[in-house]
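S.K.: Take this structure first; my questions come after.
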Amino acid sequence: MQYFRDWTCSIVRRIAADPPEVLILPVDAKNKSTRVDLSDRQHMIALKFAQGLTYRQIAEELFIAPTTVRTHLSAIYRRLGVRTKAALAMRLAQQAGDPLAANEHALPQRSGPPIIAVIPFENLCTDERWSRAADALSADIMTDLARYRDLSVIAHQTILSWVQHHHDVKSIGRELNADYVIGGTLQAEDGDVRVSVQLIDATTGVALWAARYERTADELFEMQDGVVESVINVLAACHGELFNLRRNDVRRKQPDNLQAYDYYLLGVEAQDTFTRDSNVEAIRLHTRAVDLDPGFARAWAALGLAYAVNACNGFSEAPAIAFDQAKTCLKHSLMLDPGDSVARICLADLNAPQIGLKRSAEEHSAALAIAPHDADTIAMFAGSQTLISGDPHLGYEFALRAVRLNPLIGWYHGMLGRSAFVLGLYDECLSAFQRTTADAPTTLFFLAMAHAMLDEEGEATEIARRLRTHFQGFTASGFIDFYPVTNPPALAAIRQGASRAGLI
């Protein structure tokens with residue numbers, strides 16, 4: 001069983017660098033729970049593929065052709081009645097006699113914020129200083145995860161006392177009531193350091209995400225900070241692995257079983273598409289969340305952000321009312337949780353015309369200090385530096401950093417595009433907005449202005465026409481007033497661009 005646990009906990013060890021391959025094959029539901037014997041060669045290939053090895057790597061280890069590996073896997077998938085690598089691991093777990101894996105549908109449905117256990121990283125070197133570095137990595141990951149109000153992190157001392165007596169991930173999860181376990185290894189060789197990190201389902205013992213980071217050992221602390229920053233944002237940003245897993249759990253629930261946190265998760269998902277209909281749905285879901293739990297600070301913050309999006313995008317027929325509702329919700333959120341960095345930045349943005357640029361800049365800097373490694377905070381700070389009160393060059397640098405930390409988040413690219421436009425980097429602005437929500441009014445607005453500034457009149461005219469046709473409530477002046485745009489260089493750039501595009 002120990003061997004089984006070892007390969008199960010490393011199911012997707014190279015998933016970040018090598019996306020899982022999926023074979024679409026028919027599944028015989030009747031035979032899903034029936035034991036199917038594989039040949040020794042098939043069993044070996046199945047184990048290696050479940051561990052995350054590619055066709056090429058398996059072929060090299062077994063001295064066969066990659067096409068032969070694919071042929072074997074096709075037969076294995078068909079015989080076991082599975083479609084994906086995760087299902088393959090679960091099926092093998094069932095055949096290994098794991099009682100929890102044997103009935104995946106009997107597992108309890110999760111509710112509420114994820115509970116995370118970060119176990120000490122294993123040092124694979126003989127040098128004692130790398131043991132200290134491995135311990136520091138796990139401690140730093142735990143500390144930074146604890147900054148997120150939507151996560152519950154088990155205390156470091158509790159974990160240290162527990163792992164001395166328990167080496168099975170599932171027993172740790174069961175006894176400490178953890179949903180997920182984060183662990184990893186550190187290995188140093190020839191001046192390079194390799195860190196492997198895994199996110200494991202504590203109920204099944206199956207690895208859900210894994211990544212490997214390679215850095216030079218010249219600057220130990222910079223290496224450590226870089227790995228921690230990368231891991232935190234892949235796992236815990238608004239579209240991070242932990243929240244995606246939680247949203248998937250919520251979507252499998254019956255509507256009458258949803259609770260405040262579940263409504264909040266679905267609201268964030270709807271909100272992040274930045275369309276009129278999705279924003280209406282986000283407001284409905286977040287309102288339901290705060291009705292069920294009036295003390296849920298993060299849901300109040302999300303509701304405030306949704307109202308702000310309503311105002312500056314022209315989604316609301318009464319944008320001034322939506323603007324005031326945004327400020328009311330954000331104030332209430334910060335009363336409940338003064339440490340919410342995103343809510344603090346957003347409220348400082350909305351209050352900028354009243355409190356002035358200097359005070360706004362102070363609020364932005366204070367919020368960034370609360371969560372300096374959080375990509376959401378970094379992206380919000382980038383927009384504030386550019387459009388509200390600050391140096392657009394600094395805003396641009398922070399937007400680049402947010403995109404580097406998590407390049408899959410569309411609104412990060414939107415912040416980068418806004419900063420690039422204000423700095424006159426119109427080609428880069430166009431490129432950035434091509435990776436955001438295509439038909440959002442702010443996307444069309446900046447695309448039209450960037451094309452106009454590049455003297456591409458045909459493109460600018462067509463995009464401006466689409467903007468006026470499909471988003472009649474959106475205006476350049478409304479965006480300026482309700483974003484609000486108060487930074488003088490940004491204000492001048494947007495007014496010039498909107499004029500050239502025929503939008504004012």
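In the structure tokens, chains take the letters A, B, ... in the order shown, each chain's residues start at 1, and ligands count up from 1 in the order shown.
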Residues at most 12 Å from Arg132 (chain A), counting only C-alpha atoms, excluding those fewer than 2 positions away in the same chain, as a list in words?

M.R.: Pro120, Phe121, Glu122, Asn123, Leu124, Cys125, Thr126, Asp127, Glu128, Arg129, Trp130, Ala134, Asp135, Ala136, Leu137, Ser138, Ala139, Leu186, Leu220, Phe221 and Gln224 of chain A

S.K.: Could the residues in this selection be saved with C-alpha atoms as a short mmCIF file (atom, residue, chain, number, x, y, z; two decimals), in the first residue's frame?

M.R.:
```cif
data_model
loop_
_atom_site.label_atom_id
_atom_site.label_comp_id
_atom_site.auth_asym_id
_atom_site.auth_seq_id
_atom_site.Cartn_x
_atom_site.Cartn_y
_atom_site.Cartn_z
CA PRO A 120 6.70 20.08 5.78
CA PHE A 121 8.55 19.80 2.49
CA GLU A 122 10.99 16.92 2.18
CA ASN A 123 14.67 17.72 1.65
CA LEU A 124 16.19 15.29 -0.86
CA CYS A 125 19.75 16.58 -0.22
CA THR A 126 22.27 15.60 2.43
CA ASP A 127 23.22 19.24 3.15
CA GLU A 128 21.47 20.35 6.35
CA ARG A 129 20.97 23.94 5.17
CA TRP A 130 18.56 22.68 2.51
CA ALA A 134 12.58 23.15 2.76
CA ASP A 135 10.98 23.87 6.15
CA ALA A 136 10.95 27.60 5.37
CA LEU A 137 9.23 26.99 2.03
CA SER A 138 6.34 25.09 3.59
CA ALA A 139 6.04 27.63 6.41
CA LEU A 186 13.33 20.27 -2.49
CA LEU A 220 18.51 31.40 -1.76
CA PHE A 221 15.95 33.83 -0.34
CA GLN A 224 12.36 30.90 -2.00
#
```

S.K.: Write out as a PyMOL selection string the residues lying within 8 Å of region 176-182 of chain A, counting only C-alpha atoms and excluding same-chain residues fewer than 6 positions away.

M.R.: chain A and resi 114-119+154+169+197-203

S.K.: Keeping only C-alpha atoms, write the selected residues to a file as a PDB file, in the first residue's frame.

M.R.:
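What ended up in result_3.pdb:
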```
ATOM      1  CA  PRO A 114     -11.502  24.937   1.954  1.00  0.00           C
ATOM      2  CA  ILE A 115      -9.450  23.692   4.905  1.00  0.00           C
ATOM      3  CA  ILE A 116      -5.781  23.348   3.962  1.00  0.00           C
ATOM      4  CA  ALA A 117      -2.956  21.449   5.645  1.00  0.00           C
ATOM      5  CA  VAL A 118       0.571  22.369   4.511  1.00  0.00           C
ATOM      6  CA  ILE A 119       2.914  19.557   5.495  1.00  0.00           C
ATOM      7  CA  ILE A 154      -4.312  24.490   9.859  1.00  0.00           C
ATOM      8  CA  VAL A 169      -2.199  11.906   3.686  1.00  0.00           C
ATOM      9  CA  VAL A 197       4.763  21.008  -5.094  1.00  0.00           C
ATOM     10  CA  GLN A 198       1.535  18.982  -4.985  1.00  0.00           C
ATOM     11  CA  LEU A 199      -2.056  19.694  -4.026  1.00  0.00           C
ATOM     12  CA  ILE A 200      -3.651  16.459  -2.776  1.00  0.00           C
ATOM     13  CA  ASP A 201      -7.285  15.634  -2.068  1.00  0.00           C
ATOM     14  CA  ALA A 202      -7.172  14.605   1.584  1.00  0.00           C
ATOM     15  CA  THR A 203     -10.225  12.372   1.194  1.00  0.00           C
TER      16      THR A 203
END
```

S.K.: Measure the distance from CA of Pro255 (chain A) to CA of His286 (chain A) in Å and round it to one decimal.

M.R.: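 Straight-line distance from CA of Pro255 (chain A) to CA of His286 (chain A) works out to 14.8 Å.
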
S.K.: Hey, what's within 8 Å of Ala361 (chain A) if we count only C-alpha atoms and toss same-chain stuff fewer than 4 positions away? As JSON, numbers by chain, please?

M.R.: {"A": [357, 365, 385, 389, 390]}

S.K.: Taking only C-alpha atoms into account, name the residue in A:Leu430, A:Asp40, A:Gly414, A:His72 that is nearest to Tyr55 (chain A).

M.R.: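 Closest candidate: A:His72.
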